[in-house]
file query_37.pdb (PDB, C-alpha atoms)
ATOM      1  CA  MET V   1       1.918  31.517 -23.698
ATOM      2  CA  THR V   2       3.014  28.570 -21.586
ATOM      3  CA  GLY V   3       2.629  25.924 -24.262
ATOM      4  CA  PHE V   4       0.166  23.928 -22.185
ATOM      5  CA  SER V   5      -3.145  23.041 -23.742
ATOM      6  CA  PHE V   6      -6.413  22.601 -21.879
ATOM      7  CA  LYS V   7      -7.654  19.028 -21.489
ATOM      8  CA  PRO V   8     -10.696  17.828 -19.580
ATOM      9  CA  LEU V   9     -10.208  15.273 -16.811
ATOM     10  CA  PRO V  10      -9.243  12.483 -16.721
ATOM     11  CA  VAL V  11      -5.785  13.008 -18.215
ATOM     12  CA  THR V  12      -2.601  10.999 -17.846
ATOM     13  CA  TYR V  13       0.317  12.798 -16.214
ATOM     14  CA  LEU V  14       3.637  11.055 -15.540
ATOM     15  CA  GLY V  15       1.992   7.723 -16.267
ATOM     16  CA  SER V  16      -0.848   8.159 -13.772
ATOM     17  CA  PRO V  17      -4.428   9.190 -14.446
ATOM     18  CA  LEU V  18      -5.496  12.499 -12.908
ATOM     19  CA  TYR V  19      -9.186  12.533 -12.184
ATOM     20  CA  LYS V  20     -11.829  14.123 -10.026
ATOM     21  CA  GLY V  21     -14.439  12.211  -8.082
ATOM     22  CA  ASN V  22     -14.678   8.527  -7.289
ATOM     23  CA  LYS V  23     -12.048   6.153  -8.588
ATOM     24  CA  LYS V  24     -13.192   4.458 -11.734
ATOM     25  CA  CYS V  25     -12.052   1.152 -13.210
ATOM     26  CA  ILE V  26     -11.872   2.720 -16.660
ATOM     27  CA  LEU V  27      -8.865   4.790 -15.545
ATOM     28  CA  TYR V  28      -6.803   1.594 -15.410
ATOM     29  CA  ASP V  29      -7.788   0.250 -18.833
ATOM     30  CA  ASP V  30      -4.488   1.439 -20.363
ATOM     31  CA  LEU V  31      -2.484  -0.602 -17.853
ATOM     32  CA  ILE V  32      -4.568  -3.729 -18.425
ATOM     33  CA  ALA V  33      -4.304  -3.262 -22.210
ATOM     34  CA  LYS V  34      -0.501  -2.932 -21.950
ATOM     35  CA  MET V  35      -0.317  -6.134 -19.915
ATOM     36  CA  ARG V  36      -2.423  -8.015 -22.466
ATOM     37  CA  LEU V  37      -0.307  -6.642 -25.303
ATOM     38  CA  LYS V  38       2.831  -7.809 -23.512
ATOM     39  CA  LEU V  39       1.368 -11.320 -23.252
ATOM     40  CA  GLN V  40       0.648 -11.417 -26.982
ATOM     41  CA  GLY V  41       4.347 -10.943 -27.678
ATOM     42  CA  TRP V  42       5.338 -13.959 -25.607
ATOM     43  CA  GLY V  43       4.955 -17.410 -27.140
ATOM     44  CA  GLN V  44       2.819 -19.024 -24.423
ATOM     45  CA  SER V  45       2.738 -22.511 -25.882
ATOM     46  CA  SER V  46       6.513 -22.931 -25.795
ATOM     47  CA  LEU V  47       7.000 -21.663 -22.231
ATOM     48  CA  SER V  48       7.235 -23.960 -19.235
ATOM     49  CA  HIS V  49       5.595 -23.037 -15.926
ATOM     50  CA  GLY V  50       9.044 -21.963 -14.682
ATOM     51  CA  GLY V  51       9.470 -19.644 -17.662
ATOM     52  CA  ARG V  52       6.020 -18.173 -17.157
ATOM     53  CA  LEU V  53       6.722 -17.692 -13.445
ATOM     54  CA  ALA V  54       9.961 -15.848 -14.250
ATOM     55  CA  LEU V  55       8.128 -13.545 -16.696
ATOM     56  CA  ILE V  56       5.350 -12.890 -14.178
ATOM     57  CA  LYS V  57       7.810 -11.974 -11.419
ATOM     58  CA  SER V  58      10.144  -9.919 -13.607
ATOM     59  CA  THR V  59       7.684  -8.131 -15.872
ATOM     60  CA  LEU V  60       3.968  -8.495 -15.140
ATOM     61  CA  CYS V  61       4.296  -7.874 -11.388
ATOM     62  CA  SER V  62       6.332  -4.726 -11.957
ATOM     63  CA  MET V  63       4.041  -3.141 -14.562
ATOM     64  CA  PRO V  64       1.353  -1.908 -12.112
ATOM     65  CA  LEU V  65       3.772  -0.819  -9.358
ATOM     66  CA  HIS V  66       3.949   2.862 -10.316
ATOM     67  CA  LEU V  67       0.175   3.216 -10.419
ATOM     68  CA  ILE V  68      -0.281   1.281  -7.179
ATOM     69  CA  GLN V  69       2.215   3.528  -5.431
ATOM     70  CA  VAL V  70       0.508   6.696  -6.581
ATOM     71  CA  LEU V  71      -3.148   5.615  -6.583
ATOM     72  CA  ASN V  72      -5.274   3.088  -4.762
ATOM     73  CA  PRO V  73      -6.958   1.072  -7.513
ATOM     74  CA  PRO V  74     -10.366  -0.499  -6.914
ATOM     75  CA  GLU V  75     -10.394  -4.177  -5.914
ATOM     76  CA  THR V  76     -11.874  -5.109  -9.284
ATOM     77  CA  VAL V  77      -8.808  -3.706 -11.052
ATOM     78  CA  LEU V  78      -6.441  -5.618  -8.777
ATOM     79  CA  HIS V  79      -8.486  -8.758  -9.391
ATOM     80  CA  SER V  80      -8.354  -8.230 -13.171
ATOM     81  CA  ILE V  81      -4.571  -7.816 -13.118
ATOM     82  CA  GLU V  82      -4.083 -10.914 -10.970
ATOM     83  CA  GLN V  83      -6.480 -12.820 -13.231
ATOM     84  CA  ILE V  84      -4.331 -11.914 -16.250
ATOM     85  CA  MET V  85      -1.259 -13.251 -14.427
ATOM     86  CA  ALA V  86      -3.017 -16.442 -13.308
ATOM     87  CA  ARG V  87      -4.326 -17.207 -16.780
ATOM     88  CA  PHE V  88      -0.879 -16.641 -18.248
ATOM     89  CA  PHE V  89       0.729 -18.890 -15.617
ATOM     90  CA  TRP V  90      -1.657 -21.758 -16.348
ATOM     91  CA  GLY V  91      -1.398 -21.293 -20.123
ATOM     92  CA  SER V  92      -4.927 -20.088 -20.778
ATOM     93  CA  THR V  93      -5.653 -17.975 -23.826
ATOM     94  CA  GLU V  94      -8.732 -16.105 -24.990
ATOM     95  CA  ASN V  95      -9.793 -19.058 -27.131
ATOM     96  CA  HIS V  96      -8.580 -21.917 -24.962
ATOM     97  CA  LYS V  97      -9.169 -21.915 -21.198
ATOM     98  CA  LYS V  98      -7.117 -24.270 -19.036
ATOM     99  CA  ILE V  99      -7.866 -25.538 -15.549
ATOM    100  CA  HIS V 100      -5.983 -23.756 -12.804
ATOM    101  CA  GLY V 101      -4.336 -26.437 -10.685
ATOM    102  CA  THR V 102      -3.990 -24.269  -7.576
ATOM    103  CA  ALA V 103      -5.726 -21.142  -6.306
ATOM    104  CA  TRP V 104      -3.909 -17.886  -7.041
ATOM    105  CA  LYS V 105      -3.969 -17.041  -3.330
ATOM    106  CA  ARG V 106      -1.918 -20.188  -2.649
ATOM    107  CA  ILE V 107       0.533 -19.444  -5.470
ATOM    108  CA  CYS V 108       1.115 -15.981  -4.019
ATOM    109  CA  GLN V 109       2.326 -17.313  -0.682
ATOM    110  CA  PRO V 110       6.055 -17.190   0.139
ATOM    111  CA  VAL V 111       8.142 -20.106  -1.095
ATOM    112  CA  LYS V 112       8.780 -21.249   2.501
ATOM    113  CA  GLU V 113       5.025 -21.614   2.967
ATOM    114  CA  GLY V 114       4.501 -23.658  -0.203
ATOM    115  CA  GLY V 115       3.783 -20.843  -2.641
ATOM    116  CA  LEU V 116       5.777 -19.509  -5.577
ATOM    117  CA  GLY V 117       6.666 -16.144  -4.058
ATOM    118  CA  ILE V 118       4.507 -13.860  -6.191
ATOM    119  CA  ARG V 119       3.261 -10.879  -4.206
ATOM    120  CA  ARG V 120      -0.482 -10.261  -3.966
ATOM    121  CA  LEU V 121      -1.296  -6.828  -5.323
ATOM    122  CA  SER V 122      -3.527  -6.044  -2.355
ATOM    123  CA  ASP V 123      -0.517  -6.601  -0.070
ATOM    124  CA  VAL V 124       1.608  -4.343  -2.280
ATOM    125  CA  VAL V 125      -1.035  -1.597  -2.038
ATOM    126  CA  VAL V 126      -0.977  -1.829   1.765
ATOM    127  CA  ALA V 127       2.844  -1.738   1.821
ATOM    128  CA  PHE V 128       2.938   1.353  -0.389
ATOM    129  CA  THR V 129       0.290   3.003   1.792
ATOM    130  CA  TYR V 130       2.423   2.347   4.899
ATOM    131  CA  LYS V 131       5.365   3.859   3.038
ATOM    132  CA  LEU V 132       3.354   6.987   2.143
ATOM    133  CA  TRP V 133       2.349   7.528   5.767
ATOM    134  CA  TRP V 134       5.897   6.912   6.980
ATOM    135  CA  ARG V 135       7.320   9.404   4.465
ATOM    136  CA  PHE V 136       4.698  11.921   5.515
ATOM    137  CA  ILE V 137       5.360  11.759   9.274
ATOM    138  CA  SER V 138       9.139  11.357   9.110
ATOM    139  CA  GLY V 139       9.964  13.604   6.181
ATOM    140  CA  SER V 140      10.342  17.292   5.588
ATOM    141  CA  SER V 141       9.858  17.235   1.827
ATOM    142  CA  LEU V 142       7.719  19.817   0.088
ATOM    143  CA  TRP V 143       5.003  17.158  -0.279
ATOM    144  CA  ALA V 144       5.039  16.349   3.467
ATOM    145  CA  ARG V 145       4.996  20.026   4.448
ATOM    146  CA  PHE V 146       2.096  20.666   2.064
ATOM    147  CA  LEU V 147       0.054  17.823   3.590
ATOM    148  CA  HIS V 148       0.821  19.077   7.120
ATOM    149  CA  VAL V 149      -0.434  22.544   6.245
ATOM    150  CA  LYS V 150      -3.474  21.352   4.295
ATOM    151  CA  TYR V 151      -4.751  18.585   6.588
ATOM    152  CA  CYS V 152      -3.140  18.883  10.037
ATOM    153  CA  LYS V 153      -3.356  22.632  10.706
ATOM    154  CA  GLY V 154      -1.253  22.425  13.870
ATOM    155  CA  ILE V 155      -2.814  19.153  15.096
ATOM    156  CA  PRO V 156      -0.646  16.019  15.362
ATOM    157  CA  PRO V 157      -1.205  13.897  12.223
ATOM    158  CA  SER V 158      -2.443  10.935  14.261
ATOM    159  CA  LEU V 159      -5.315  13.045  15.669
ATOM    160  CA  THR V 160      -6.558  14.713  12.503
ATOM    161  CA  LYS V 161     -10.053  13.897  11.357
ATOM    162  CA  VAL V 162     -10.755  12.732   7.837
ATOM    163  CA  SER V 163     -13.532  14.496   5.956
ATOM    164  CA  MET V 164     -15.355  13.350   2.872
ATOM    165  CA  HIS V 165     -13.808  16.214   0.889
ATOM    166  CA  ASP V 166     -10.210  15.132   1.566
ATOM    167  CA  SER V 167      -8.148  13.657  -1.241
ATOM    168  CA  PRO V 168      -8.285   9.901  -1.836
ATOM    169  CA  ASN V 169      -4.578   9.563  -1.029
ATOM    170  CA  TRP V 170      -4.980  11.373   2.299
ATOM    171  CA  LYS V 171      -7.867   9.079   3.226
ATOM    172  CA  ARG V 172      -5.804   6.079   2.135
ATOM    173  CA  MET V 173      -2.904   7.183   4.341
ATOM    174  CA  CYS V 174      -5.128   7.897   7.337
ATOM    175  CA  ASN V 175      -6.595   4.385   7.109
ATOM    176  CA  VAL V 176      -3.217   2.863   8.028
ATOM    177  CA  ARG V 177      -1.762   5.479  10.370
ATOM    178  CA  THR V 178      -2.663   3.613  13.565
ATOM    179  CA  GLU V 179      -1.043   0.383  12.339
ATOM    180  CA  VAL V 180       2.114   2.159  11.169
ATOM    181  CA  GLN V 181       2.498   4.034  14.441
ATOM    182  CA  GLU V 182       1.823   0.896  16.489
ATOM    183  CA  ASN V 183       4.486  -1.017  14.561
ATOM    184  CA  ASP V 184       6.899   1.881  14.987
ATOM    185  CA  ARG V 185       6.262   1.932  18.754
ATOM    186  CA  GLN V 186       6.918  -1.802  19.020
ATOM    187  CA  LYS V 187      10.214  -1.438  17.141
ATOM    188  CA  SER V 188      11.218   1.455  19.410
ATOM    189  CA  ILE V 189      10.416  -0.606  22.521
ATOM    190  CA  LYS V 190      12.459  -3.541  21.207
ATOM    191  CA  ARG V 191      15.430  -1.265  20.475
ATOM    192  CA  PHE V 192      15.157   0.319  23.915
ATOM    193  CA  THR V 193      14.754  -2.944  25.859
ATOM    194  CA  GLY V 194      16.885  -5.116  23.536
TER     195      GLY V 194
END

call {"tool": "encode", "arguments": {"input": "query_37.pdb", "output": "structure tokens"}}
result
Amino acid sequence: MTGFSFKPLPVTYLGSPLYKGNKKCILYDDLIAKMRLKLQGWGQSSLSHGGRLALIKSTLCSMPLHLIQVLNPPETVLHSIEQIMARFFWGSTENHKKIHGTAWKRICQPVKEGGLGIRRLSDVVVAFTYKLWWRFISGSSLWARFLHVKYCKGIPPSLTKVSMHDSPNWKRMCNVRTEVQENDRQKSIKRFTG
């Protein structure tokens, strides 16, 4: 009647995998395959390091952003994605490995600190998690109201307890709530005393 067909989990909906249970690395295989396919289209041998850096910042860094905002990928997935970027930057291919002149952690530092200004994906995950918590506590969207009803049940969000049956995103948000609220308090104090 509705035109929807039944599919077993995991399925992809709006570009994100829907799944039940623990997060699995296999759910991110499509993203990693798309990144590798993108690299095959670029002529690596003719690109300078500056050209590779521009492609990393403009394209490769933006490809996982939607998934990172919606889900919290395992560390191994983040490492795999950053490894793809590092190998591309240094000109490595599947058949020909090149020496990496500098650690990826160093390359990902801000330009003022001697890096190349690429953002670490783990830092991006934390930033998106802060944003989720901030949107939850300061918003009145349908999503925020739903989470208030489901998890808070009349208790202030900062005092709710996390149970093992809660959604992964709720647990992710609760892991940063103290830091977000502490930073918000410090900004409020500075505005008040400044």

call {"tool": "residues_around", "arguments": {"input": "query_37.pdb", "residues": "V:Met173", "least_positions_apart": "6", "cutoff": "7 Å", "atoms": "only C-alpha atoms", "output": "VMD selection string"}}
result
chain V and resid 129 132 to 133

call {"tool": "write_last_selection", "arguments": {"input": "query_37.pdb", "atoms": "C-alpha atoms", "output": "PDB file, in the frame of the given file"}}
result
ATOM      1  CA  THR V 129       0.290   3.003   1.792  1.00  0.00           C
ATOM      2  CA  LEU V 132       3.354   6.987   2.143  1.00  0.00           C
ATOM      3  CA  TRP V 133       2.349   7.528   5.767  1.00  0.00           C
TER       4      TRP V 133
END

call {"tool": "atom_distance", "arguments": {"input": "query_37.pdb", "atom1": "atom CA of V:Ser122", "atom2": "atom CA of V:Leu78"}}
result
7.1 Å

call {"tool": "closest_residue", "arguments": {"input": "query_37.pdb", "among": "V:Lys98, V:Ser62, V:Lys20, V:Gly154", "to": "V:Asp166", "atoms": "all atoms listed in the file"}}
result
V:Lys20

call {"tool": "closest_residue", "arguments": {"input": "query_37.pdb", "among": "V:Ser163, V:Ser80, V:Ser48, V:Ser158", "to": "V:Leu121", "atoms": "only C-alpha atoms"}}
result
V:Ser80

call {"tool": "residues_around", "arguments": {"input": "query_37.pdb", "residues": "V:Leu60", "least_positions_apart": "6", "cutoff": "10 Å", "atoms": "all atoms listed in the file", "output": "list in words"}}
result
Lys34, Met35, Arg36, Lys38, Leu39, Leu53, Ala54, Ile81, Glu82, Ile84, Met85 and Phe88 of chain V

call {"tool": "write_last_selection", "arguments": {"input": "query_37.pdb", "atoms": "C-alpha atoms", "output": "PDB file, keeping the file's coordinate frame"}}
result
ATOM      1  CA  LYS V  34      -0.501  -2.932 -21.950  1.00  0.00           C
ATOM      2  CA  MET V  35      -0.317  -6.134 -19.915  1.00  0.00           C
ATOM      3  CA  ARG V  36      -2.423  -8.015 -22.466  1.00  0.00           C
ATOM      4  CA  LYS V  38       2.831  -7.809 -23.512  1.00  0.00           C
ATOM      5  CA  LEU V  39       1.368 -11.320 -23.252  1.00  0.00           C
ATOM      6  CA  LEU V  53       6.722 -17.692 -13.445  1.00  0.00           C
ATOM      7  CA  ALA V  54       9.961 -15.848 -14.250  1.00  0.00           C
ATOM      8  CA  ILE V  81      -4.571  -7.816 -13.118  1.00  0.00           C
ATOM      9  CA  GLU V  82      -4.083 -10.914 -10.970  1.00  0.00           C
ATOM     10  CA  ILE V  84      -4.331 -11.914 -16.250  1.00  0.00           C
ATOM     11  CA  MET V  85      -1.259 -13.251 -14.427  1.00  0.00           C
ATOM     12  CA  PHE V  88      -0.879 -16.641 -18.248  1.00  0.00           C
TER      13      PHE V  88
END

call {"tool": "resolve_selection", "arguments": {"input": "query_37.pdb", "expression": "the PyMOL selection byres ((chain V and resi 74) around 12)", "output": "list in words"}}
result
Asn22, Lys23, Lys24, Cys25, Ile26, Leu27, Tyr28, Leu67, Ile68, Leu71, Asn72, Pro73, Glu75, Thr76, Val77, Leu78, His79, Ser80, Ile81, Leu121, Ser122, Val125 and Pro168 of chain V

call {"tool": "closest_residue", "arguments": {"input": "query_37.pdb", "among": "V:Trp42, V:Tyr130, V:Trp90, V:Phe4", "to": "V:Asn169", "atoms": "all atoms listed in the file"}}
result
V:Tyr130

call {"tool": "atom_distance", "arguments": {"input": "query_37.pdb", "atom1": "atom CA of V:Gly91", "atom2": "atom CA of V:Gly51"}}
result
11.3 Å

call {"tool": "closest_residue", "arguments": {"input": "query_37.pdb", "among": "V:Lys153, V:His49, V:Lys7, V:Arg177", "to": "V:Lys131", "atoms": "only C-alpha atoms"}}
result
V:Arg177

call {"tool": "resolve_selection", "arguments": {"input": "query_37.pdb", "expression": "the PyMOL selection byres ((chain V and resi 103) around 12)", "output": "list of chain:residue names"}}
result
V:Glu82, V:Gln83, V:Ala86, V:Arg87, V:Phe89, V:Trp90, V:Ile99, V:His100, V:Gly101, V:Thr102, V:Trp104, V:Lys105, V:Arg106, V:Ile107, V:Cys108, V:Gln109, V:Gly115, V:Leu116

call {"tool": "atom_distance", "arguments": {"input": "query_37.pdb", "atom1": "atom CA of V:Val149", "atom2": "atom CA of V:His165"}}
result
15.7 Å

call {"tool": "resolve_selection", "arguments": {"input": "query_37.pdb", "expression": "the PyMOL selection byres ((chain V and resi 17) around 10)", "output": "list in words"}}
result
Leu9, Pro10, Val11, Thr12, Tyr13, Leu14, Gly15, Ser16, Leu18, Tyr19, Lys20, Leu27, Tyr28, Asp30, Leu67, Val70 and Leu71 of chain V

call {"tool": "write_last_selection", "arguments": {"input": "query_37.pdb", "atoms": "C-alpha atoms", "output": "PDB file, in the frame of the given file"}}
result
ATOM      1  CA  LEU V   9     -10.208  15.273 -16.811  1.00  0.00           C
ATOM      2  CA  PRO V  10      -9.243  12.483 -16.721  1.00  0.00           C
ATOM      3  CA  VAL V  11      -5.785  13.008 -18.215  1.00  0.00           C
ATOM      4  CA  THR V  12      -2.601  10.999 -17.846  1.00  0.00           C
ATOM      5  CA  TYR V  13       0.317  12.798 -16.214  1.00  0.00           C
ATOM      6  CA  LEU V  14       3.637  11.055 -15.540  1.00  0.00           C
ATOM      7  CA  GLY V  15       1.992   7.723 -16.267  1.00  0.00           C
ATOM      8  CA  SER V  16      -0.848   8.159 -13.772  1.00  0.00           C
ATOM      9  CA  LEU V  18      -5.496  12.499 -12.908  1.00  0.00           C
ATOM     10  CA  TYR V  19      -9.186  12.533 -12.184  1.00  0.00           C
ATOM     11  CA  LYS V  20     -11.829  14.123 -10.026  1.00  0.00           C
ATOM     12  CA  LEU V  27      -8.865   4.790 -15.545  1.00  0.00           C
ATOM     13  CA  TYR V  28      -6.803   1.594 -15.410  1.00  0.00           C
ATOM     14  CA  ASP V  30      -4.488   1.439 -20.363  1.00  0.00           C
ATOM     15  CA  LEU V  67       0.175   3.216 -10.419  1.00  0.00           C
ATOM     16  CA  VAL V  70       0.508   6.696  -6.581  1.00  0.00           C
ATOM     17  CA  LEU V  71      -3.148   5.615  -6.583  1.00  0.00           C
TER      18      LEU V  71
END
